[in-house]
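K.L.:
Handing you a structure now.
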Amino acid sequence: MRRSAALASLSRDHHEALVLAQKLRRATPATVTTSRESFLAYWQAHGQNHFRLEEEILFPAYAAHGDPHHALIARALCDHVAIRHHAQALAGAAEPTLDALHELGHQLAAHVRLEERRVFPLIEQAMPSDE
């Protein structure tokens, strides 16, 4: 899918998140620790900042041209809250469960697909390309 140059770096982040989500979904008892560590390393280095960029820059910029109460924007923001919750729980867990890793992997993948397939096209349609 051709993506606006302004959103290209966020889309590249999404690709990395999808790879990680697959690793979480495929975690086994033998890989539970490394899967958790991989996610937490990604979260600290990239994931949190990615969410901040969308919440503090992209979505407010969209609000100047589109409906800030649009159901897709609300869903993306709610996904952010849920994923943050799972990340905090995973970081604080003495031993993560496979169910927790699998759930986070499914949630992360669904969120990325929502943004790539529905939210970003909504934003690209509403906002002038120079903004």
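To be explicit about the labels: the chains of the structure tokens are called A, B, and onward in the order shown, and within each one the residues are counted from 1, while ligands get numbers from 1 in the order they are shown.
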Tell me, as a list in words, which residues lie within 12 Å of region 26-34 of chain A, counting only C-alpha atoms; anything in the same chain fewer than 5 positions away does not count.

P.N.:
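Within the cut-off, the hits are Val19, Leu20, Ala21, Phe39, Leu40, Ala41, Leu90, Ala91, Ala93, Ala94, Glu95, Pro96, Thr97, Leu98, Asp99, Ala100, Leu101, His102, Glu103, Leu104, Gly105 and His106 of chain A.
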
K.L.:
Write out as JSON, numbers by chain all residues of chain A that DSSP puts in alpha helix (DSSP H) for this structure's backbone.

P.N.:
{"A": [5, 6, 7, 8, 9, 10, 11, 12, 13, 14, 15, 16, 17, 18, 19, 20, 21, 22, 23, 24, 25, 32, 33, 34, 35, 36, 37, 38, 39, 40, 41, 42, 48, 49, 50, 51, 52, 53, 59, 60, 61, 62, 63, 71, 72, 73, 74, 75, 76, 77, 78, 79, 80, 81, 82, 83, 84, 85, 86, 87, 88, 89, 90, 91, 92, 98, 99, 100, 101, 102, 103, 104, 105, 106, 107, 108, 109, 110, 111, 112, 113, 114, 120, 121, 122, 123, 124, 125, 126]}

K.L.:
With only C-alpha atoms as the basis for distance, which of A:Ile73, A:Ala5, A:Ala126, A:Ala110 is at the shortest distance from Phe59 (chain A)?

P.N.:
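Of all the options, A:Ile73 lies closest to Phe59 (chain A).
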
K.L.:
Which residues come within 12 Å of Leu58 (chain A), counting only C-alpha atoms, excluding same-chain residues fewer than 3 positions away, as a PyMOL selection string?

P.N.:
chain A and resi 6-7+10+50-55+61-66+68+73+76-77+115+119-120+122-124+127+131

K.L.:
Smallest atom-to-atom distance to Ala109 (chain A): which of A:His85, A:Arg12, A:His46, A:Arg25, using only C-alpha atoms?

P.N.:
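Going through A:His85, A:Arg12, A:His46, A:Arg25 one by one, the smallest distance to Ala109 (chain A) is for A:Arg25.
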
K.L.:
Would you compute the distance between CA of Lys23 (chain A) and CA of Asp79 (chain A)? Give it in Å to one decimal.

P.N.:
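CA of Asp79 (chain A) lies 19.3 Å from CA of Lys23 (chain A).
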
K.L.:
Find, counting only C-alpha atoms, the residue in A:Arg117, A:Arg36, A:His14, A:His70 that gets nearest to His86 (chain A).

P.N.:
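Counting only C-alpha atoms, the residue closest to His86 (chain A) is A:Arg36.
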
K.L.:
Taking only C-alpha atoms into account, name the residue in A:Ser129, A:Cys78, A:Asn49, A:Leu114 that is nearest to Ser4 (chain A).

P.N.:
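The closest residue to Ser4 (chain A) is A:Ser129.
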